[in-house]
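> Hey, dropping data-v2.cif in here, mmCIF, C-alpha atoms and all ligand atoms:
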data_final
loop_
_atom_site.label_atom_id
_atom_site.label_comp_id
_atom_site.auth_asym_id
_atom_site.auth_seq_id
_atom_site.Cartn_x
_atom_site.Cartn_y
_atom_site.Cartn_z
CA MET A 1 -15.81 -5.86 8.35
CA SER A 2 -18.19 -2.90 8.40
CA LYS A 3 -20.12 -2.50 5.19
CA GLU A 4 -21.20 1.02 6.19
CA ARG A 5 -17.61 2.20 6.37
CA TYR A 6 -16.91 0.81 2.94
CA ILE A 7 -20.00 2.36 1.39
CA GLU A 8 -19.14 5.67 3.01
CA ALA A 9 -15.68 5.52 1.45
CA LYS A 10 -17.19 4.93 -1.97
CA GLN A 11 -19.54 7.87 -1.53
CA LYS A 12 -16.63 10.13 -0.69
CA TRP A 13 -14.95 8.99 -3.91
CA ALA A 14 -18.01 9.92 -5.91
CA GLU A 15 -18.07 13.38 -4.37
CA LYS A 16 -14.41 13.91 -5.20
CA GLN A 17 -14.90 12.87 -8.79
CA LEU A 18 -17.76 15.37 -9.02
CA ALA A 19 -15.52 18.15 -7.75
CA LYS A 20 -13.41 17.57 -10.91
CA GLY A 21 -9.73 18.31 -10.78
CA PHE A 22 -7.64 19.13 -7.75
CA LYS A 23 -6.07 22.39 -6.69
CA PRO A 24 -3.02 22.45 -4.47
CA ARG A 25 -4.10 23.25 -0.94
CA ASP A 26 -3.04 26.61 0.47
CA THR A 27 -3.04 25.45 4.08
CA ALA A 28 -0.04 26.59 6.10
CA ALA A 29 2.74 24.01 6.17
CA THR A 30 2.49 23.70 9.93
CA ASP A 31 -0.98 22.24 9.50
CA ARG A 32 0.12 19.71 6.96
CA LEU A 33 3.52 18.60 8.14
CA PRO A 34 3.33 15.80 10.70
CA PRO A 35 5.59 16.14 13.78
CA GLY A 36 9.27 15.53 13.14
CA GLN A 37 8.95 15.76 9.33
CA LYS A 38 10.71 18.12 6.88
CA LEU A 39 9.30 19.20 3.55
CA THR A 40 11.13 18.15 0.41
CA THR A 41 10.46 19.29 -3.13
CA GLY A 42 12.29 16.40 -4.81
CA PHE A 43 11.19 12.80 -4.75
CA PRO A 44 13.78 10.59 -3.03
CA VAL A 45 13.88 6.90 -3.93
CA LEU A 46 13.82 4.29 -1.19
CA ASP A 47 14.09 0.63 -2.01
CA LEU A 48 15.91 -2.55 -1.05
CA GLY A 49 18.57 -2.01 -3.72
CA VAL A 50 16.46 -3.89 -6.26
CA GLN A 51 14.17 -2.31 -8.83
CA PRO A 52 12.62 -5.35 -10.50
CA GLU A 53 11.87 -5.20 -14.20
CA ILE A 54 8.39 -6.61 -14.71
CA PRO A 55 7.22 -6.93 -18.34
CA LEU A 56 3.53 -6.00 -18.40
CA ALA A 57 2.72 -9.29 -20.15
CA GLU A 58 4.07 -11.13 -17.10
CA TRP A 59 2.72 -8.77 -14.45
CA LYS A 60 0.06 -10.25 -12.21
CA LEU A 61 -1.60 -9.03 -9.03
CA SER A 62 -2.85 -11.72 -6.67
CA VAL A 63 -5.59 -10.73 -4.26
CA ASP A 64 -6.18 -13.64 -1.94
CA GLY A 65 -6.33 -14.98 1.63
CA LEU A 66 -9.60 -14.83 3.57
CA VAL A 67 -11.75 -13.84 0.62
CA GLU A 68 -14.77 -15.34 -1.14
CA LYS A 69 -13.37 -14.78 -4.64
CA PRO A 70 -9.58 -14.79 -4.92
CA ALA A 71 -8.29 -12.96 -7.99
CA GLY A 72 -5.15 -13.14 -10.11
CA LEU A 73 -5.37 -10.05 -12.27
CA SER A 74 -3.41 -9.58 -15.47
CA TRP A 75 -2.27 -6.05 -16.37
CA ASP A 76 -5.23 -5.66 -18.74
CA GLN A 77 -7.75 -7.00 -16.25
CA PHE A 78 -6.39 -4.69 -13.57
CA ASN A 79 -6.55 -1.65 -15.82
CA ASP A 80 -10.11 -2.48 -16.86
CA LEU A 81 -11.20 -1.82 -13.27
CA PRO A 82 -12.66 1.66 -12.51
CA GLN A 83 -9.93 4.31 -12.35
CA VAL A 84 -9.64 7.04 -9.76
CA SER A 85 -7.32 9.95 -8.99
CA ASP A 86 -6.27 11.43 -5.69
CA LEU A 87 -3.98 14.22 -4.56
CA SER A 88 -2.19 13.43 -1.32
CA ASP A 89 0.86 14.12 0.81
CA PHE A 90 3.62 11.55 1.22
CA HIS A 91 5.42 11.02 4.53
CA CYS A 92 8.52 8.85 4.79
CA VAL A 93 9.52 7.64 8.23
CA THR A 94 13.09 8.86 7.54
CA THR A 95 11.54 12.35 8.09
CA TRP A 96 10.95 13.72 4.58
CA SER A 97 7.49 14.63 3.34
CA LYS A 98 6.34 15.54 -0.14
CA TYR A 99 3.15 17.50 -0.78
CA ASP A 100 0.58 17.22 -3.55
CA CYS A 101 1.34 13.86 -5.07
CA GLN A 102 -1.13 13.19 -7.85
CA TRP A 103 -1.73 9.44 -7.94
CA SER A 104 -4.17 7.54 -10.11
CA GLY A 105 -5.05 3.91 -10.48
CA VAL A 106 -7.49 1.54 -8.81
CA ALA A 107 -9.03 2.23 -5.40
CA PHE A 108 -8.34 -0.39 -2.74
CA THR A 109 -12.11 -0.49 -2.12
CA THR A 110 -12.61 -1.64 -5.72
CA LEU A 111 -10.39 -4.68 -5.11
CA PHE A 112 -12.11 -5.21 -1.76
CA GLU A 113 -15.46 -5.34 -3.52
CA LEU A 114 -14.08 -7.67 -6.19
CA VAL A 115 -12.70 -10.37 -3.88
CA GLN A 116 -15.22 -10.01 -1.04
CA PRO A 117 -13.15 -10.52 2.13
CA LYS A 118 -14.67 -12.73 4.80
CA PRO A 119 -15.75 -11.12 8.09
CA GLU A 120 -12.69 -12.62 9.86
CA ALA A 121 -10.30 -10.62 7.67
CA LYS A 122 -8.80 -7.85 9.80
CA PHE A 123 -5.32 -7.31 8.35
CA VAL A 124 -3.79 -6.88 4.93
CA TYR A 125 -0.35 -8.18 3.95
CA PHE A 126 1.17 -6.60 0.83
CA THR A 127 4.09 -8.06 -1.10
CA GLY A 128 6.27 -6.63 -3.85
CA TYR A 129 8.18 -8.13 -6.78
CA ASP A 130 11.41 -7.11 -5.03
CA GLY A 131 10.70 -9.35 -2.02
CA TYR A 132 9.34 -6.47 0.06
CA SER A 133 6.35 -6.90 2.35
CA THR A 134 4.35 -4.77 4.74
CA ASN A 135 1.27 -5.24 6.94
CA VAL A 136 -1.61 -2.82 7.49
CA PRO A 137 -4.83 -3.09 9.53
CA LEU A 138 -7.71 -3.54 7.08
CA ALA A 139 -9.53 -0.50 8.50
CA ASN A 140 -6.65 1.75 7.38
CA CYS A 141 -6.90 0.40 3.83
CA LEU A 142 -10.55 1.34 3.35
CA ASP A 143 -10.12 5.10 3.23
CA ASP A 144 -11.05 6.66 -0.07
CA ASP A 145 -7.47 7.81 -0.72
CA VAL A 146 -5.91 4.32 -0.66
CA LEU A 147 -4.92 3.38 -4.21
CA ILE A 148 -3.01 0.83 -6.18
CA ALA A 149 -1.41 3.51 -8.32
CA THR A 150 -0.26 3.08 -11.89
CA HIS A 151 0.21 6.80 -12.59
CA PHE A 152 1.97 9.69 -10.86
CA GLY A 153 1.36 13.22 -12.13
CA GLY A 154 -0.43 11.77 -15.14
CA GLU A 155 2.53 9.62 -16.22
CA PRO A 156 3.04 5.89 -15.64
CA VAL A 157 4.77 5.31 -12.27
CA SER A 158 8.49 5.01 -13.06
CA ARG A 159 10.36 1.84 -12.19
CA GLU A 160 12.36 3.54 -9.42
CA HIS A 161 9.14 4.73 -7.80
CA GLY A 162 7.54 1.31 -7.90
CA GLY A 163 6.02 0.78 -11.34
CA PRO A 164 4.11 -0.82 -12.91
CA ALA A 165 1.90 -0.45 -9.82
CA ARG A 166 2.45 0.59 -6.23
CA VAL A 167 0.28 0.93 -3.17
CA ILE A 168 -0.38 4.41 -1.75
CA ILE A 169 -1.80 4.82 1.77
CA PRO A 170 -1.44 8.58 2.35
CA LYS A 171 -2.52 8.61 5.99
CA LEU A 172 0.28 6.21 6.99
CA TYR A 173 4.06 6.44 6.64
CA ALA A 174 5.10 5.59 3.11
CA TRP A 175 6.79 2.30 4.00
CA LYS A 176 3.24 0.89 4.30
CA GLY A 177 2.78 1.32 0.55
CA ALA A 178 4.43 -1.53 -1.35
CA LYS A 179 6.12 -0.53 -4.58
CA PHE A 180 6.18 -3.12 -7.42
CA VAL A 181 3.09 -4.62 -5.80
CA LYS A 182 2.58 -8.32 -6.46
CA GLY A 183 0.21 -9.62 -3.81
CA ILE A 184 -2.51 -8.46 -1.45
CA THR A 185 -3.50 -11.03 1.16
CA PHE A 186 -6.36 -10.69 3.64
CA LEU A 187 -5.61 -12.20 7.06
CA ALA A 188 -7.34 -12.76 10.38
CA GLU A 189 -4.10 -12.38 12.36
CA ASP A 190 -1.41 -9.77 11.77
CA ARG A 191 1.71 -10.98 9.93
CA LEU A 192 4.72 -8.66 10.20
CA GLY A 193 6.27 -7.27 7.03
CA PHE A 194 9.86 -6.48 6.07
CA TRP A 195 10.34 -3.38 8.23
CA GLU A 196 7.84 -4.44 10.88
CA VAL A 197 9.97 -7.46 11.83
CA ARG A 198 12.82 -4.95 12.14
CA GLY A 199 11.00 -2.88 14.72
CA TYR A 200 8.85 -0.53 12.67
CA HIS A 201 5.35 0.18 13.92
CA ASN A 202 2.40 -2.05 13.00
CA VAL A 203 0.14 0.87 12.08
CA GLY A 204 2.51 3.78 11.29
CA ASP A 205 0.36 6.92 11.68
CA PRO A 206 2.63 9.96 10.99
CA TRP A 207 0.42 12.28 13.06
CA LYS A 208 0.99 10.07 16.10
CA GLU A 209 4.64 9.56 15.16
CA GLU A 210 4.18 5.80 15.14
CA ARG A 211 7.65 5.22 13.70
CA TYR A 212 8.93 2.30 15.70
CA ALA A 213 7.09 -0.21 17.84
N1 LIG B 301 8.52 -2.97 -2.83
C1 LIG B 301 8.99 -1.98 -2.04
N2 LIG B 301 8.12 -1.04 -1.62
C2 LIG B 301 8.53 -0.04 -0.83
C3 LIG B 301 9.86 0.05 -0.39
C4 LIG B 301 10.76 -0.95 -0.85
O1 LIG B 301 11.96 -0.96 -0.52
N3 LIG B 301 10.29 -1.95 -1.67
N4 LIG B 301 10.24 1.11 0.42
C5 LIG B 301 9.18 1.80 1.17
C6 LIG B 301 9.62 3.05 1.77
S1 LIG B 301 10.52 2.96 3.19
C7 LIG B 301 9.22 4.27 1.28
S2 LIG B 301 9.56 5.73 2.05
C8 LIG B 301 8.54 4.36 -0.03
C9 LIG B 301 9.43 5.13 -0.96
O2 LIG B 301 8.83 5.38 -2.19
P1 LIG B 301 9.68 6.17 -3.27
O3 LIG B 301 10.92 5.40 -3.53
O4 LIG B 301 8.78 6.28 -4.46
O5 LIG B 301 10.00 7.51 -2.66
O6 LIG B 301 8.26 3.08 -0.61
C10 LIG B 301 7.97 2.06 0.29
N5 LIG B 301 7.61 0.88 -0.45
MO MO B 302 10.48 5.16 4.06
#
Transcribe the structure of this file into C-alpha cells.
Ligand SMILES: Nc1nc2c(c(=O)[nH]1)N[C@H]1C(S)=C(S)[C@@H](COP(=O)(O)O)O[C@H]1N2
Ligand SMILES: [Mo]

Amino acid sequence: MSKERYIEAKQKWAEKQLAKGFKPRDTAATDRLPPGQKLTTGFPVLDLGVQPEIPLAEWKLSVDGLVEKPAGLSWDQFNDLPQVSDLSDFHCVTTWSKYDCQWSGVAFTTLFELVQPKPEAKFVYFTGYDGYSTNVPLANCLDDDVLIATHFGGEPVSREHGGPARVIIPKLYAWKGAKFVKGITFLAEDRLGFWEVRGYHNVGDPWKEERYA
C-alpha cells in the first residue's frame, strides 16, 4: 500500500475544505455523463427488497481483515471521527446518473488510518445490514471523494437510501457503494460480492463502461 498516495489524498481533502462550500459545476453534460448513461433529476431507490431498520444504539461498523488494529465502531465513536463533505455525481449501472450529490460523513482514508491495513491488503470487501456485499480494489477506495456517508444534502441519509450510513465511491458505478454498511474487510485476494458473483465487473469504472465482467 502506497503511503504517498494516501497522503496525497488527505492533502486534496484539506484543499477542498479550504475552498469552503461547493458550487454546482457548469460543465456541459456531455463532459460529465459517462457513456451509455442518462441524466435523472429524481433519486431512484435500488435495493434487495429489504431496507433494514437499524437502531443507532445497535449500529456497529466493523473494520477488520488484514489490519493492525481492527475496529468495531459504535455510532458515537464513528461520528466522533473527523467529518468531511463532498459533492459528486452518481452513476448506476442500470444507466441513470444523478449530478451534484452532496454527501458528508467520514472519509475512507480516515478509517484506513485508524485500522492501519497491512501491506498485503489489496482489496476491500464491504457488507451491508441487508446481506448485500461488494468488492473494490483498495486503490479505488483511497480517492479523496470516497466516504462513509451519514448525510445527504445536509440531512441524515434516509433508510431507503441506505441510512444510517452508506458507502459512496463516486468514480465507480453505484453498486460498489454498500448502503446500510455493516462491515469493511481488508483482503489480500479479491472476494466477489453480491452482484460480482452474478457477472458484474470487479472494478466498475463508468467511464470505461465496466458494467459486466
Ligand atoms: N446494502 C445495499 N447496498 C446497495 C444496494 C443494495 O441493494 N443493498 N444496491 C446498490 C445499487 S445497484 C445502487 S445503484 C445503489 C443505489 O442507491 P440508491 O438506492 O440510494 O439510489 O446502491 C447500491 N448499494
Ligand atoms: Mo445500481
> For a cutoff of 8 Å around the file-coordinate point (2.6, -10.4, 4.5), which residues qualify once you count only C-alpha atoms? I'd like the result as a PyMOL selection string.
chain A and resi 124-127+133-135+185+191-193
> Could you list, as a PyMOL selection string, all residues that come within 7 Å of ligand LIG 301 (chain B)? Count only C-alpha atoms and all ligand atoms.
chain A and resi 43-48+92-93+127-133+160-162+174-181
> For CA of Val203 (chain A) and CA of Ala107 (chain A), determine how far apart the two atoms are, in Å to one decimal place.
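Value for the CA of Val203 (chain A)-CA of Ala107 (chain A) distance: 19.8 Å.
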> Please compute the CA of Tyr99 (chain A)-CA of Asn202 (chain A) distance, one decimal, in Å.
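We find that CA of Tyr99 (chain A) and CA of Asn202 (chain A) lie 23.9 Å from each other.
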> Suppose you want the space between CA of Thr95 (chain A) and CA of Trp207 (chain A); what is it in Å?
12.2 Å
> Which residue is closest to Leu187 (chain A)? Choose from A:Lys208, A:Lys38, A:Lys98, A:Lys122 and count only C-alpha atoms.
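Closest residue, counting only C-alpha atoms: A:Lys122.
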> Could you give me, as a list in words, the residues that have an atom at most 12 Å away from the point (-7.7, -16.5, 0.9) in the coordinates of the file, using all atoms listed in the file?
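Residues found, by chain and rising number: Ser62, Val63, Asp64, Gly65, Leu66, Val67, Glu68, Lys69, Pro70, Ala71, Gly72, Val115, Gln116, Pro117, Lys118, Glu120, Ala121, Val124, Tyr125, Gly183, Ile184, Thr185, Phe186, Leu187 and Ala188 of chain A.
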> Please provide as a PyMOL selection string all residues within 7 Å of Gln83 (chain A), with the sequence filter that same-chain residues fewer than 6 positions apart are discarded (counting all atoms listed in the file).
chain A and resi 104-106
> Nearest to Leu56 (chain A): which of A:Gly36, A:Leu81, A:Phe112, A:Thr150 is it, counting only C-alpha atoms?
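That would be A:Thr150, the residue with the smallest distance to Leu56 (chain A).
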